[in-house]
Each structure stands twice: as C-alpha cells, then as structure tokens.
Amino acid sequence: MLWAAGAQPVSQPAAYVPRTVFESPDTVEEKNIRHDFVIQNIGTSALNVHRGRSECGFTVDSLPETIPPGGEGIVSVLFCTFGIGGKTLKKTVTITTNDPANARIPLTVKAKIIKPYTLSPKTVKLKGRPGKAIKKILKLAPTRDNPFTIRKITARRGENIRFDLEEIKKRDRVRYELTVENTAETAGRYYDTLDIETDSKIKPVISITVIGKIRKST
C-alpha cells in the first residue's frame, strides 16, 4: 500500500480465527458439547470482542473482551444436546468485533447426537388412594446407535414401590416394559429413583424418577 508523503498508517485491529468450524465426535444426548475457538489480533490496535446472535441451544459461554495487538484469546461455546438425540446438526453463533473487515465472525459446531434409548413416559407418577391399585407401565427401548440389554434394576430407597421388568423381542429388536407399582398404605408423598444398569458403554445407567402422591381416603 502506498502512503501520501507525511501520512502515517492508520492503527486498527484485525481479527483472525484460524478455525471457524468444529466437527465434534459423535455425542450422546444430554452430554453437552463445549469447544474453544481461538481468536487472534493480528492488527495494530486493541481488538474488542462481543457476543452476537446465536441459534437456540448454542451459546457463547465466555470470551475475551479485549485482545491486544499480537495477542490471542479463547471464545468458549456451549452446545446443549438435550432433546435432540438422533439428529446430525450444525449450529452457529456469531461474535462481533471492532475490526472493520471482520465485524461479524460466525463460529460453527457440527455434531451427530446419539439417542441412546427411547422412554415413555420419562417420569413415573403414582397417584391415587390407599387400597387401590396404583401402577405405571414404562416402555423402554434401545436405539440402533446404542443396542443394549438390561442387567439389573435397583431402587435407591425402595420403601414404597415394587417393580417388574418384561423383555419383549420382535424380530431383531428388543424393548422392555417396566411396571412400577405403589406399595404405600398411608397418605403422603414420596420420591425414589430407579437405576437401570445396562451393558451399554455409552449409557451404562439410565435413571428414572418416581413420584408418589397418595391421597387420603374419603
């Protein structure tokens, strides 16, 4: 660049991100993805960095507010995977800077989210009156990405419930029906957790919340 006689170069920041796209390894649903993007200031004055727009479930967790000339910082992003198992997604957040040439910089994470199982309902709610049969049947099935068998089930408290597991095979697929029944004979509330131990390496334990609400007899 040519400068007029007596003129001085304008001091300004220059943002540079060596890698703006991160391809994550396959990730199990509910295990969040964190990644650090490096941002450098290759300019001659301070680079200011701010949060910009982001897609649902993908946010900037932390960033450097100012990067001196010749310095670098980390933009940490968080990808929430809750409720999106079984999908391959691409999410983008945008940071803004005071670099005129790079005022907006998109940062992207690509990931396949593995759905380890299907479960319906997700929580056991046992409501009724003492002396009446109060039970709930849950349907639990492995997915193609995560085939497994159940080894055992334990209740952390086990004071007000009993449960029974049935394995159902159909062709090359296996699913389970878990029946949970109330045993409390007095009115009141209680809480428990069922831990289902599997032979899966990616989801060895599936935990299910049990909520009991036994009303007084009239």
# chains A, B, ... in the order shown; residues from 1 in each chain; ligands from 1
$ select_by_dssp --residues "range 40-208 of chain A" --states "strand (DSSP E)" --output "ChimeraX atom specification"
/A:40-41,47-54,58-62,66-67,72-79,87-97,104-114,117-120,124-128,135-142,150-155,161-170,173-182,188-198,205-208
$ residues_around --residues "Phe58 in chain A" --least-positions-apart "4" --cutoff "10 Å" --atoms "only C-alpha atoms" --output "list of chain:residue names"
A:Asn32, A:Ile33, A:Arg34, A:Arg53, A:Ser54, A:Val77, A:Leu78, A:Phe79, A:Cys80, A:Thr81, A:Lys90, A:Lys91, A:Thr92, A:Val93, A:Thr108, A:Val109
$ residues_around --residues "Ser11 in chain A" --least-positions-apart "4" --cutoff "10 Å" --atoms "only C-alpha atoms" --output "number ranges by chain"
A: 43-46
$ write_last_selection --atoms "all heavy atoms" --output "PDB file, in the first residue's frame"
ATOM      1  N   GLY A  43      -3.698  -7.202  14.196  1.00  0.00           N
ATOM      2  CA  GLY A  43      -3.668  -5.786  13.857  1.00  0.00           C
ATOM      3  C   GLY A  43      -2.720  -4.998  14.741  1.00  0.00           C
ATOM      4  O   GLY A  43      -1.870  -5.553  15.446  1.00  0.00           O
ATOM      5  N   THR A  44      -2.915  -3.698  14.742  1.00  0.00           N
ATOM      6  CA  THR A  44      -2.000  -2.804  15.459  1.00  0.00           C
ATOM      7  C   THR A  44      -2.678  -2.017  16.577  1.00  0.00           C
ATOM      8  O   THR A  44      -2.049  -1.151  17.193  1.00  0.00           O
ATOM      9  CB  THR A  44      -1.364  -1.815  14.463  1.00  0.00           C
ATOM     10  OG1 THR A  44      -2.398  -1.132  13.747  1.00  0.00           O
ATOM     11  CG2 THR A  44      -0.448  -2.548  13.494  1.00  0.00           C
ATOM     12  N   SER A  45      -3.939  -2.308  16.844  1.00  0.00           N
ATOM     13  CA  SER A  45      -4.620  -1.706  17.996  1.00  0.00           C
ATOM     14  C   SER A  45      -5.518  -2.748  18.635  1.00  0.00           C
ATOM     15  O   SER A  45      -5.725  -3.841  18.088  1.00  0.00           O
ATOM     16  CB  SER A  45      -5.432  -0.476  17.569  1.00  0.00           C
ATOM     17  OG  SER A  45      -6.497  -0.851  16.710  1.00  0.00           O
ATOM     18  N   ALA A  46      -6.060  -2.427  19.808  1.00  0.00           N
ATOM     19  CA  ALA A  46      -6.824  -3.398  20.589  1.00  0.00           C
ATOM     20  C   ALA A  46      -8.060  -3.888  19.835  1.00  0.00           C
ATOM     21  O   ALA A  46      -8.775  -3.095  19.201  1.00  0.00           O
ATOM     22  CB  ALA A  46      -7.236  -2.792  21.915  1.00  0.00           C
TER      23      ALA A  46
END
$ atom_distance --atom1 "CA of Ser76 in chain A" --atom2 "CA of Asn48 in chain A"
15.8 Å
$ residues_around --residues "range 16-21 of chain A" --least-positions-apart "2" --cutoff "8 Å" --atoms "only C-alpha atoms" --output "PyMOL selection string"
chain A and resi 14+23+37-42+106-110
$ atom_distance --atom1 "CA of Glu185 in chain A" --atom2 "CA of Ile208 in chain A"
22.6 Å
$ residues_around --residues "Leu119 in chain A" --least-positions-apart "2" --cutoff "9 Å" --atoms "only C-alpha atoms" --output "ChimeraX atom specification"
/A:117,121-122,138-141
$ residues_around --residues "Gly86 in chain A" --least-positions-apart "3" --cutoff "9 Å" --atoms "only C-alpha atoms" --output "PyMOL selection string"
chain A and resi 29+112-116+145
$ residues_around --residues "Ile105 in chain A" --least-positions-apart "3" --cutoff "7 Å" --atoms "only C-alpha atoms" --output "MDAnalysis selection string"
chainID A and resid 94:96 102
$ closest_atom_pairs --of "range 37-150 of chain A" --to "range 188-197 of chain A" --cutoff "12 Å" --atoms "only C-alpha atoms" --output "Markdown table"
| residue | atom | partner | partner_atom | distance |
| --- | --- | --- | --- | --- |
| A:Lys122 | CA | A:Leu194 | CA | 11.7 |
| A:Thr123 | CA | A:Thr193 | CA | 9.7 |
| A:Val124 | CA | A:Thr193 | CA | 9.4 |
| A:Lys125 | CA | A:Tyr191 | CA | 9.6 |
| A:Leu126 | CA | A:Tyr190 | CA | 9.6 |
| A:Lys127 | CA | A:Arg189 | CA | 9.3 |
| A:Gly128 | CA | A:Gly188 | CA | 10.4 |
| A:Arg129 | CA | A:Gly188 | CA | 9.8 |
| A:Pro130 | CA | A:Gly188 | CA | 9.8 |
| A:Leu138 | CA | A:Leu194 | CA | 11.9 |
| A:Leu140 | CA | A:Ile196 | CA | 10.5 |
| A:Phe148 | CA | A:Glu197 | CA | 10.0 |
| A:Thr149 | CA | A:Glu197 | CA | 8.8 |
| A:Ile150 | CA | A:Glu197 | CA | 5.9 |
$ write_last_selection --atoms "N, CA, C and O atoms" --output "short mmCIF file (atom, residue, chain, number, x, y, z; two decimals), in the first residue's frame"
data_model
loop_
_atom_site.label_atom_id
_atom_site.label_comp_id
_atom_site.auth_asym_id
_atom_site.auth_seq_id
_atom_site.Cartn_x
_atom_site.Cartn_y
_atom_site.Cartn_z
N LYS A 122 -41.28 -40.43 30.70
CA LYS A 122 -39.92 -40.24 31.20
C LYS A 122 -39.86 -40.24 32.72
O LYS A 122 -38.79 -40.45 33.31
N THR A 123 -40.99 -39.98 33.37
CA THR A 123 -41.06 -39.95 34.84
C THR A 123 -42.25 -40.79 35.29
O THR A 123 -43.31 -40.77 34.67
N VAL A 124 -42.06 -41.55 36.40
CA VAL A 124 -43.14 -42.36 36.95
C VAL A 124 -43.90 -41.52 37.97
O VAL A 124 -43.31 -41.05 38.95
N LYS A 125 -45.19 -41.33 37.74
CA LYS A 125 -46.03 -40.61 38.69
C LYS A 125 -47.13 -41.55 39.17
O LYS A 125 -47.97 -41.98 38.38
N LEU A 126 -47.08 -41.87 40.45
CA LEU A 126 -48.05 -42.79 41.05
C LEU A 126 -49.00 -41.98 41.92
O LEU A 126 -48.64 -41.48 42.98
N LYS A 127 -50.23 -41.81 41.43
CA LYS A 127 -51.22 -41.00 42.15
C LYS A 127 -52.47 -41.83 42.39
O LYS A 127 -52.93 -42.56 41.50
N GLY A 128 -53.04 -41.72 43.60
CA GLY A 128 -54.25 -42.46 43.91
C GLY A 128 -54.50 -42.51 45.40
O GLY A 128 -53.89 -41.77 46.18
N ARG A 129 -55.39 -43.42 45.80
CA ARG A 129 -55.76 -43.55 47.21
C ARG A 129 -55.28 -44.90 47.75
O ARG A 129 -55.16 -45.88 47.00
N PRO A 130 -54.98 -44.96 49.05
CA PRO A 130 -54.54 -46.22 49.64
C PRO A 130 -55.58 -47.32 49.41
O PRO A 130 -56.79 -47.08 49.39
N LEU A 138 -43.87 -48.33 31.97
CA LEU A 138 -42.95 -47.56 31.14
C LEU A 138 -42.46 -48.44 30.00
O LEU A 138 -42.20 -49.63 30.19
N LEU A 140 -39.43 -48.90 27.44
CA LEU A 140 -38.03 -48.53 27.25
C LEU A 140 -37.45 -49.37 26.12
O LEU A 140 -37.61 -50.59 26.10
N PHE A 148 -28.52 -52.45 23.62
CA PHE A 148 -28.08 -52.90 24.95
C PHE A 148 -29.09 -53.87 25.53
O PHE A 148 -30.22 -54.00 25.05
N THR A 149 -28.66 -54.55 26.58
CA THR A 149 -29.55 -55.37 27.40
C THR A 149 -29.47 -54.85 28.84
O THR A 149 -28.47 -54.26 29.24
N ILE A 150 -30.54 -55.08 29.57
CA ILE A 150 -30.59 -54.62 30.96
C ILE A 150 -30.03 -55.70 31.87
O ILE A 150 -30.41 -56.87 31.79
#
$ atom_distance --atom1 "CA of Ser24 in chain A" --atom2 "CA of Ala111 in chain A"
5.1 Å
